[in-house]
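Inspection log for the structure reproduced underneath, given as structure tokens.
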Amino acid sequence: MPRALITGITGQDGSYLSEHLLANGYEVYGLIRGQNNPKRQHIERTWPDIKIVEGDLLDQASLMNVIQKVKPDEVYNLAAISFVALSWNQPELTGEITGLGALRLLEAIRLTTGASGSRANSAAGIKFYQASSSEMFGKVRETPQSEQTPFHPRSPYGVAKAYAHYITVNYRESYNIHACSGILFNHESPRRGPEFVTRKITIGAARIKLGLQKELLMGNLDTRRDWGFAGDYVKAMHLMMQADKADDYVIGTGEAHQGKEFARIAFERVGLNAEDYIKTDPQFMRPAEVDLLIADPTKARDELGWKPEVSFQRLIEMMVDHDLEAEARLQAAAV
Ligand code: NAP
């Protein structure tokens with residue numbers, strides 16, 4: 001039975017990846033940080049087959065203990081400060097977790113598997129996946145973006161992800177670790193954190209429809225993003241780890257849509273016109289914007305046989321329907 005360790009198990013991708021790996025016969029361990037982490041109970045109740053281990057990407061010794069205890073075949077590093085806006089307010093912490101966290105995990109793998117720094121003492125036994133991001137492309141040098149496109153990150157988050165990406169490549173080349181990096185474009189779902197633009201829109205549309213909210217304050221909705229469904233994207237992570245040779249892959253749909261278009265479809269789903277309810281609020285503007293991200297996922301399609309299955313329209317409908325039901329349930333419980 002293959003054994004996987006997932007950091008970021010309480011996040012959106014952690015939940016979908018766990019489900020995918022459990023369905024494929026894996027023993028799944030999830031790393032949880034902190035004391036009294038309220039999400040621990042949620043994981044234990046929802047996915048009783050996931051085994052919880054404690055550790056923190058800020059704490060090298062805890063990661064070494066976890067690797068020694070679990071002895072995983074595959075490590076998926078999904079943990080991060082992943083909210084771009086927060087990365088401007090807490091840039092140092094973002095660098096520590098999102099950037100250096102990947103290094104600490106790679107070091108834990110290298111040191112516990114006995115690699116001494118030469119390729120001869122390879123740490124090839126444990127495979128490693130790094131959750132890289134299209135935010136590394138930032139002020140894009142070419143469109144669409146592929147594995148060959150140079151990086152120009154525009155936020156502390158993007159900069160930290162670029163470090164984590166390059167250290168993954170470096171450990172692959174230096175120590176022969178099967179370390180791969182998925183450069184994933186935006187992917188969403190009903191499990192997306194409520195602070196992220198897409199989920200803020202779908203929750204807002206649901207609440208306005210139910211009369212719980214009058215308007216929705218948003219930042220820049222002119223930017224264009226390549227949005228896919230998280231459940232499709234975790235399959236690409238798993239496929240990358242099964243390839244004979246570790247490598248980097250761009251994962252996206254190849255379609256870009258404006259934030260405004262996302263909002264229009266979300267509000268239409270509840271029979272409303274987005275323009276009547278959305279107001280721009282400067283507090284939600286980024287100090288430096290990323291205008292257009294669009295993936296060229298040719299390599300993933302040709303080498304991994306991966307392609308997205310859920311369309312942009314269906315993704316939004318799925319999120320709105322979920323939020324409408326959840327908000328109605330909350331409202332009923334409160335009465
Ligand atoms: P998410 O929902 O924000 O989850 C982040 C996870 O990181 C949470 O489980 C969080 O745990 C954990 N974490 C944060 N700090 C930690 C620390 N110091 N030690 C251990 N765990 C820590 O993110 P996601 O959307 O699932 O994304 C997964 C990964 O893919 C992230 O690295 C993200 O940056 C990257 N990515 C996401 C997208 C996207 O569109 N979703 C696109 C490209 C790349 P707590 O619950 O304890 O806070």
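We label chains A, B, ... in the order they appear in the structure tokens, count residues from 1 in each chain, and number ligands from 1 in the order shown.
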Name the residues in contact with A:Cys180 at a cut-off of 10 Å, using only C-alpha atoms, excluding same-chain residues fewer than 4 positions from it; report them as a PDB file with all heavy atoms, in the first residue's frame.
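Result file around.pdb:
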```pdb
ATOM      1  N   TYR A  76       3.642  15.406  -0.535  1.00  0.00           N
ATOM      2  CA  TYR A  76       3.027  16.505  -1.292  1.00  0.00           C
ATOM      3  C   TYR A  76       3.082  17.757  -0.421  1.00  0.00           C
ATOM      4  O   TYR A  76       2.405  17.808   0.615  1.00  0.00           O
ATOM      5  CB  TYR A  76       1.566  16.178  -1.624  1.00  0.00           C
ATOM      6  CG  TYR A  76       1.422  15.015  -2.586  1.00  0.00           C
ATOM      7  CD1 TYR A  76       1.425  13.696  -2.134  1.00  0.00           C
ATOM      8  CD2 TYR A  76       1.277  15.234  -3.954  1.00  0.00           C
ATOM      9  CE1 TYR A  76       1.283  12.623  -3.011  1.00  0.00           C
ATOM     10  CE2 TYR A  76       1.134  14.171  -4.843  1.00  0.00           C
ATOM     11  CZ  TYR A  76       1.139  12.866  -4.368  1.00  0.00           C
ATOM     12  OH  TYR A  76       1.003  11.818  -5.247  1.00  0.00           O
ATOM     13  N   LYS A 127       9.541  10.485  -2.960  1.00  0.00           N
ATOM     14  CA  LYS A 127       9.207  11.452  -4.014  1.00  0.00           C
ATOM     15  C   LYS A 127       8.620  12.705  -3.383  1.00  0.00           C
ATOM     16  O   LYS A 127       7.904  12.609  -2.372  1.00  0.00           O
ATOM     17  CB  LYS A 127       8.199  10.852  -4.983  1.00  0.00           C
ATOM     18  CG  LYS A 127       8.725   9.652  -5.751  1.00  0.00           C
ATOM     19  CD  LYS A 127       7.638   9.149  -6.674  1.00  0.00           C
ATOM     20  CE  LYS A 127       8.086   7.909  -7.428  1.00  0.00           C
ATOM     21  NZ  LYS A 127       7.023   7.407  -8.289  1.00  0.00           N
ATOM     22  N   PHE A 128       8.876  13.842  -4.005  1.00  0.00           N
ATOM     23  CA  PHE A 128       8.441  15.127  -3.432  1.00  0.00           C
ATOM     24  C   PHE A 128       7.692  15.940  -4.485  1.00  0.00           C
ATOM     25  O   PHE A 128       8.133  16.053  -5.634  1.00  0.00           O
ATOM     26  CB  PHE A 128       9.691  15.908  -2.978  1.00  0.00           C
ATOM     27  CG  PHE A 128       9.400  17.271  -2.408  1.00  0.00           C
ATOM     28  CD1 PHE A 128       8.975  17.424  -1.094  1.00  0.00           C
ATOM     29  CD2 PHE A 128       9.560  18.414  -3.187  1.00  0.00           C
ATOM     30  CE1 PHE A 128       8.712  18.691  -0.566  1.00  0.00           C
ATOM     31  CE2 PHE A 128       9.297  19.681  -2.668  1.00  0.00           C
ATOM     32  CZ  PHE A 128       8.866  19.817  -1.354  1.00  0.00           C
ATOM     33  N   TYR A 129       6.553  16.495  -4.068  1.00  0.00           N
ATOM     34  CA  TYR A 129       5.787  17.393  -4.955  1.00  0.00           C
ATOM     35  C   TYR A 129       5.741  18.779  -4.336  1.00  0.00           C
ATOM     36  O   TYR A 129       5.373  18.935  -3.165  1.00  0.00           O
ATOM     37  CB  TYR A 129       4.347  16.879  -5.126  1.00  0.00           C
ATOM     38  CG  TYR A 129       3.471  17.869  -5.867  1.00  0.00           C
ATOM     39  CD1 TYR A 129       3.435  17.893  -7.261  1.00  0.00           C
ATOM     40  CD2 TYR A 129       2.718  18.820  -5.175  1.00  0.00           C
ATOM     41  CE1 TYR A 129       2.663  18.830  -7.939  1.00  0.00           C
ATOM     42  CE2 TYR A 129       1.942  19.760  -5.848  1.00  0.00           C
ATOM     43  CZ  TYR A 129       1.921  19.755  -7.225  1.00  0.00           C
ATOM     44  OH  TYR A 129       1.162  20.689  -7.892  1.00  0.00           O
ATOM     45  N   GLN A 130       6.075  19.801  -5.109  1.00  0.00           N
ATOM     46  CA  GLN A 130       5.976  21.188  -4.648  1.00  0.00           C
ATOM     47  C   GLN A 130       4.827  21.899  -5.363  1.00  0.00           C
ATOM     48  O   GLN A 130       4.731  21.872  -6.588  1.00  0.00           O
ATOM     49  CB  GLN A 130       7.308  21.926  -4.890  1.00  0.00           C
ATOM     50  CG  GLN A 130       7.269  23.422  -4.659  1.00  0.00           C
ATOM     51  CD  GLN A 130       6.805  23.820  -3.251  1.00  0.00           C
ATOM     52  OE1 GLN A 130       6.933  23.045  -2.304  1.00  0.00           O
ATOM     53  NE2 GLN A 130       6.248  25.005  -3.118  1.00  0.00           N
ATOM     54  N   ALA A 131       3.980  22.557  -4.544  1.00  0.00           N
ATOM     55  CA  ALA A 131       2.831  23.295  -5.079  1.00  0.00           C
ATOM     56  C   ALA A 131       3.282  24.669  -5.561  1.00  0.00           C
ATOM     57  O   ALA A 131       3.173  25.665  -4.845  1.00  0.00           O
ATOM     58  CB  ALA A 131       1.746  23.423  -4.015  1.00  0.00           C
ATOM     59  N   SER A 132       3.815  24.724  -6.770  1.00  0.00           N
ATOM     60  CA  SER A 132       4.214  26.012  -7.353  1.00  0.00           C
ATOM     61  C   SER A 132       2.981  26.704  -7.941  1.00  0.00           C
ATOM     62  O   SER A 132       1.907  26.108  -8.045  1.00  0.00           O
ATOM     63  CB  SER A 132       5.278  25.801  -8.430  1.00  0.00           C
ATOM     64  OG  SER A 132       6.507  25.489  -7.820  1.00  0.00           O
ATOM     65  N   HIS A 165      10.104  26.947  -5.668  1.00  0.00           N
ATOM     66  CA  HIS A 165      10.188  26.247  -6.956  1.00  0.00           C
ATOM     67  C   HIS A 165      11.658  25.936  -7.308  1.00  0.00           C
ATOM     68  O   HIS A 165      12.009  24.799  -7.623  1.00  0.00           O
ATOM     69  CB  HIS A 165       9.554  27.109  -8.051  1.00  0.00           C
ATOM     70  CG  HIS A 165       9.669  26.520  -9.417  1.00  0.00           C
ATOM     71  ND1 HIS A 165       8.777  25.584  -9.895  1.00  0.00           N
ATOM     72  CD2 HIS A 165      10.578  26.702 -10.397  1.00  0.00           C
ATOM     73  CE1 HIS A 165       9.137  25.223 -11.114  1.00  0.00           C
ATOM     74  NE2 HIS A 165      10.225  25.891 -11.438  1.00  0.00           N
ATOM     75  N   THR A 168      13.332  23.352  -5.180  1.00  0.00           N
ATOM     76  CA  THR A 168      12.877  22.000  -5.557  1.00  0.00           C
ATOM     77  C   THR A 168      13.690  21.501  -6.754  1.00  0.00           C
ATOM     78  O   THR A 168      14.188  20.367  -6.767  1.00  0.00           O
ATOM     79  CB  THR A 168      11.368  22.033  -5.900  1.00  0.00           C
ATOM     80  OG1 THR A 168      10.663  22.493  -4.750  1.00  0.00           O
ATOM     81  CG2 THR A 168      10.854  20.667  -6.304  1.00  0.00           C
ATOM     82  N   VAL A 169      13.850  22.379  -7.750  1.00  0.00           N
ATOM     83  CA  VAL A 169      14.649  22.008  -8.929  1.00  0.00           C
ATOM     84  C   VAL A 169      16.091  21.724  -8.484  1.00  0.00           C
ATOM     85  O   VAL A 169      16.715  20.737  -8.907  1.00  0.00           O
ATOM     86  CB  VAL A 169      14.635  23.158  -9.975  1.00  0.00           C
ATOM     87  CG1 VAL A 169      15.583  22.843 -11.127  1.00  0.00           C
ATOM     88  CG2 VAL A 169      13.210  23.391 -10.479  1.00  0.00           C
ATOM     89  N   TYR A 171      17.259  20.690  -5.549  1.00  0.00           N
ATOM     90  CA  TYR A 171      17.414  19.426  -4.812  1.00  0.00           C
ATOM     91  C   TYR A 171      17.263  18.232  -5.752  1.00  0.00           C
ATOM     92  O   TYR A 171      17.866  17.194  -5.549  1.00  0.00           O
ATOM     93  CB  TYR A 171      16.431  19.360  -3.631  1.00  0.00           C
ATOM     94  CG  TYR A 171      17.062  19.941  -2.377  1.00  0.00           C
ATOM     95  CD1 TYR A 171      17.645  21.203  -2.402  1.00  0.00           C
ATOM     96  CD2 TYR A 171      17.112  19.232  -1.188  1.00  0.00           C
ATOM     97  CE1 TYR A 171      18.247  21.745  -1.281  1.00  0.00           C
ATOM     98  CE2 TYR A 171      17.719  19.762  -0.055  1.00  0.00           C
ATOM     99  CZ  TYR A 171      18.282  21.019  -0.109  1.00  0.00           C
ATOM    100  OH  TYR A 171      18.883  21.542   0.998  1.00  0.00           O
ATOM    101  N   ARG A 172      16.462  18.399  -6.789  1.00  0.00           N
ATOM    102  CA  ARG A 172      16.367  17.336  -7.802  1.00  0.00           C
ATOM    103  C   ARG A 172      17.727  17.146  -8.482  1.00  0.00           C
ATOM    104  O   ARG A 172      18.205  16.038  -8.634  1.00  0.00           O
ATOM    105  CB  ARG A 172      15.290  17.731  -8.819  1.00  0.00           C
ATOM    106  CG  ARG A 172      15.163  16.791  -9.986  1.00  0.00           C
ATOM    107  CD  ARG A 172      13.857  17.093 -10.728  1.00  0.00           C
ATOM    108  NE  ARG A 172      13.937  18.272 -11.562  1.00  0.00           N
ATOM    109  CZ  ARG A 172      12.949  19.159 -11.741  1.00  0.00           C
ATOM    110  NH1 ARG A 172      11.807  19.022 -11.107  1.00  0.00           N
ATOM    111  NH2 ARG A 172      13.101  20.179 -12.539  1.00  0.00           N
ATOM    112  N   MET A 237      -1.298  16.445  -9.923  1.00  0.00           N
ATOM    113  CA  MET A 237      -0.220  16.299  -8.928  1.00  0.00           C
ATOM    114  C   MET A 237       0.187  14.830  -8.821  1.00  0.00           C
ATOM    115  O   MET A 237       1.363  14.482  -8.827  1.00  0.00           O
ATOM    116  CB  MET A 237      -0.697  16.759  -7.541  1.00  0.00           C
ATOM    117  CG  MET A 237      -1.104  18.204  -7.437  1.00  0.00           C
ATOM    118  SD  MET A 237      -1.750  18.525  -5.760  1.00  0.00           S
ATOM    119  CE  MET A 237      -2.382  20.193  -5.970  1.00  0.00           C
ATOM    120  N   MET A 240       2.024  13.469 -11.928  1.00  0.00           N
ATOM    121  CA  MET A 240       3.426  13.938 -11.982  1.00  0.00           C
ATOM    122  C   MET A 240       4.334  13.049 -11.147  1.00  0.00           C
ATOM    123  O   MET A 240       5.455  12.749 -11.515  1.00  0.00           O
ATOM    124  CB  MET A 240       3.488  15.341 -11.353  1.00  0.00           C
ATOM    125  CG  MET A 240       3.515  16.442 -12.331  1.00  0.00           C
ATOM    126  SD  MET A 240       3.446  18.000 -11.417  1.00  0.00           S
ATOM    127  CE  MET A 240       1.903  18.619 -12.010  1.00  0.00           C
ATOM    128  N   MET A 241       3.817  12.639  -9.984  1.00  0.00           N
ATOM    129  CA  MET A 241       4.636  11.826  -9.078  1.00  0.00           C
ATOM    130  C   MET A 241       4.847  10.409  -9.632  1.00  0.00           C
ATOM    131  O   MET A 241       5.760   9.708  -9.215  1.00  0.00           O
ATOM    132  CB  MET A 241       3.956  11.739  -7.708  1.00  0.00           C
ATOM    133  CG  MET A 241       3.921  13.059  -6.978  1.00  0.00           C
ATOM    134  SD  MET A 241       5.521  13.497  -6.288  1.00  0.00           S
ATOM    135  CE  MET A 241       5.164  13.284  -4.542  1.00  0.00           C
ATOM    136  N   ALA A 243       5.346   9.755 -12.876  1.00  0.00           N
ATOM    137  CA  ALA A 243       6.191   9.785 -14.082  1.00  0.00           C
ATOM    138  C   ALA A 243       7.568   9.195 -13.762  1.00  0.00           C
ATOM    139  O   ALA A 243       8.044   9.285 -12.634  1.00  0.00           O
ATOM    140  CB  ALA A 243       6.329  11.218 -14.576  1.00  0.00           C
ATOM    141  N   LYS A 245      10.432  10.215 -14.705  1.00  0.00           N
ATOM    142  CA  LYS A 245      11.431  11.257 -14.433  1.00  0.00           C
ATOM    143  C   LYS A 245      10.726  12.439 -13.789  1.00  0.00           C
ATOM    144  O   LYS A 245       9.686  12.887 -14.271  1.00  0.00           O
ATOM    145  CB  LYS A 245      12.025  11.671 -15.793  1.00  0.00           C
ATOM    146  CG  LYS A 245      13.211  12.573 -15.732  1.00  0.00           C
ATOM    147  CD  LYS A 245      13.754  12.745 -17.141  1.00  0.00           C
ATOM    148  CE  LYS A 245      13.893  14.138 -17.653  1.00  0.00           C
ATOM    149  NZ  LYS A 245      12.963  15.149 -17.622  1.00  0.00           N
ATOM    150  N   ALA A 246      11.300  12.949 -12.682  1.00  0.00           N
ATOM    151  CA  ALA A 246      10.705  14.126 -12.028  1.00  0.00           C
ATOM    152  C   ALA A 246      10.906  15.353 -12.908  1.00  0.00           C
ATOM    153  O   ALA A 246      11.965  15.529 -13.513  1.00  0.00           O
ATOM    154  CB  ALA A 246      11.357  14.351 -10.673  1.00  0.00           C
ATOM    155  N   ASP A 247       9.901  16.200 -12.972  1.00  0.00           N
ATOM    156  CA  ASP A 247       9.980  17.366 -13.864  1.00  0.00           C
ATOM    157  C   ASP A 247       8.989  18.437 -13.394  1.00  0.00           C
ATOM    158  O   ASP A 247       8.263  18.235 -12.421  1.00  0.00           O
ATOM    159  CB  ASP A 247       9.629  16.915 -15.295  1.00  0.00           C
ATOM    160  CG  ASP A 247      10.327  17.765 -16.348  1.00  0.00           C
ATOM    161  OD1 ASP A 247      10.781  18.881 -16.033  1.00  0.00           O
ATOM    162  OD2 ASP A 247      10.399  17.297 -17.506  1.00  0.00           O
ATOM    163  N   ASP A 248       8.940  19.554 -14.110  1.00  0.00           N
ATOM    164  CA  ASP A 248       7.995  20.629 -13.801  1.00  0.00           C
ATOM    165  C   ASP A 248       6.905  20.649 -14.877  1.00  0.00           C
ATOM    166  O   ASP A 248       7.196  20.457 -16.063  1.00  0.00           O
ATOM    167  CB  ASP A 248       8.702  21.992 -13.817  1.00  0.00           C
ATOM    168  CG  ASP A 248       9.940  21.968 -12.951  1.00  0.00           C
ATOM    169  OD1 ASP A 248       9.885  21.343 -11.878  1.00  0.00           O
ATOM    170  OD2 ASP A 248      10.970  22.552 -13.352  1.00  0.00           O
ATOM    171  N   TYR A 249       5.677  20.909 -14.436  1.00  0.00           N
ATOM    172  CA  TYR A 249       4.551  20.931 -15.378  1.00  0.00           C
ATOM    173  C   TYR A 249       3.628  22.112 -15.097  1.00  0.00           C
ATOM    174  O   TYR A 249       3.255  22.342 -13.939  1.00  0.00           O
ATOM    175  CB  TYR A 249       3.716  19.646 -15.259  1.00  0.00           C
ATOM    176  CG  TYR A 249       4.442  18.401 -15.698  1.00  0.00           C
ATOM    177  CD1 TYR A 249       5.180  17.668 -14.777  1.00  0.00           C
ATOM    178  CD2 TYR A 249       4.407  17.977 -17.020  1.00  0.00           C
ATOM    179  CE1 TYR A 249       5.858  16.523 -15.163  1.00  0.00           C
ATOM    180  CE2 TYR A 249       5.084  16.837 -17.419  1.00  0.00           C
ATOM    181  CZ  TYR A 249       5.810  16.113 -16.492  1.00  0.00           C
ATOM    182  OH  TYR A 249       6.491  14.976 -16.884  1.00  0.00           O
TER     183      TYR A 249
END
```
Close residues to ligand 1 using only C-alpha atoms and all ligand atoms, limit 8 Å, as a VMD selection string:
chain A and resid 7 to 15 31 to 34 37 39 55 to 58 77 to 83 97 to 98 101 130 to 135 157 161 183 to 188 191 to 193 227 230
Would you export the selected residues with C-alpha atoms as an mmCIF file, in the first residue's frame, please?
```cif
data_model
loop_
_atom_site.group_PDB
_atom_site.id
_atom_site.type_symbol
_atom_site.label_atom_id
_atom_site.label_comp_id
_atom_site.auth_asym_id
_atom_site.auth_seq_id
_atom_site.Cartn_x
_atom_site.Cartn_y
_atom_site.Cartn_z
ATOM 1 C CA THR A 7 1.183 19.104 4.162
ATOM 2 C CA GLY A 8 -1.690 21.583 3.921
ATOM 3 C CA ILE A 9 -4.205 18.792 4.575
ATOM 4 C CA THR A 10 -6.730 21.289 6.006
ATOM 5 C CA GLY A 11 -6.690 23.361 2.817
ATOM 6 C CA GLN A 12 -8.753 23.101 -0.360
ATOM 7 C CA ASP A 13 -6.268 20.990 -2.322
ATOM 8 C CA GLY A 14 -5.346 18.837 0.690
ATOM 9 C CA SER A 15 -8.932 17.599 0.940
ATOM 10 C CA LEU A 31 0.296 17.228 8.634
ATOM 11 C CA ILE A 32 -1.575 19.491 11.062
ATOM 12 C CA ARG A 33 0.021 22.457 12.800
ATOM 13 C CA GLY A 34 -0.634 24.220 16.074
ATOM 14 C CA ASN A 37 -6.343 23.550 15.505
ATOM 15 C CA LYS A 39 -9.743 22.086 11.488
ATOM 16 C CA GLY A 55 4.288 19.384 12.586
ATOM 17 C CA ASP A 56 4.913 22.843 11.225
ATOM 18 C CA LEU A 57 6.760 24.081 8.137
ATOM 19 C CA LEU A 58 8.462 26.578 10.460
ATOM 20 C CA ASN A 77 3.960 19.972 -0.026
ATOM 21 C CA LEU A 78 0.720 21.941 -0.278
ATOM 22 C CA ALA A 79 1.138 24.003 2.903
ATOM 23 C CA ALA A 80 1.656 27.729 2.460
ATOM 24 C CA ILE A 81 0.434 31.170 3.241
ATOM 25 C CA SER A 82 -1.502 31.051 0.002
ATOM 26 C CA PHE A 83 -3.540 34.247 0.057
ATOM 27 C CA ILE A 97 6.391 29.315 5.331
ATOM 28 C CA THR A 98 5.739 29.502 1.596
ATOM 29 C CA GLY A 101 9.049 25.754 4.327
ATOM 30 C CA GLN A 130 5.976 21.188 -4.648
ATOM 31 C CA ALA A 131 2.831 23.295 -5.079
ATOM 32 C CA SER A 132 4.214 26.012 -7.353
ATOM 33 C CA SER A 133 1.990 28.782 -8.672
ATOM 34 C CA SER A 134 1.226 30.776 -11.812
ATOM 35 C CA GLU A 135 1.734 33.860 -9.597
ATOM 36 C CA TYR A 157 3.678 35.321 -2.206
ATOM 37 C CA LYS A 161 6.830 30.518 -4.406
ATOM 38 C CA ILE A 183 2.980 25.227 -11.692
ATOM 39 C CA LEU A 184 -0.735 25.397 -11.085
ATOM 40 C CA PHE A 185 -2.967 28.171 -12.353
ATOM 41 C CA ASN A 186 -5.948 29.268 -10.228
ATOM 42 C CA HIS A 187 -8.191 26.404 -9.213
ATOM 43 C CA GLU A 188 -11.355 26.759 -7.215
ATOM 44 C CA ARG A 191 -14.021 24.268 -0.566
ATOM 45 C CA ARG A 192 -12.016 27.370 -1.553
ATOM 46 C CA GLY A 193 -11.271 29.679 1.405
ATOM 47 C CA TRP A 227 -9.589 29.170 -13.628
ATOM 48 C CA ALA A 230 -9.399 21.863 -7.829
#
```
With distances taken over only C-alpha atoms, which residue among A:Gln313, A:Asn220, A:Ser155, A:Thr202 lies nearest A:Met136?
A:Ser155
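For the pair atom CA of A:Asn273 and atom CA of A:Gly259, the separation is 14.5 Å.
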Apply DSSP to the backbone of this structure and, from stretch 27-100 of chain A, keep only the residues in alpha helix (DSSP H); write these as a PyMOL selection string.
chain A and resi 38-46+60-70+84-89+91-94
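Using only C-alpha atoms, the nearest neighbour of A:Asn65 within the list A:Arg329, A:Lys51, A:Gln35, A:Leu111 is A:Leu111.
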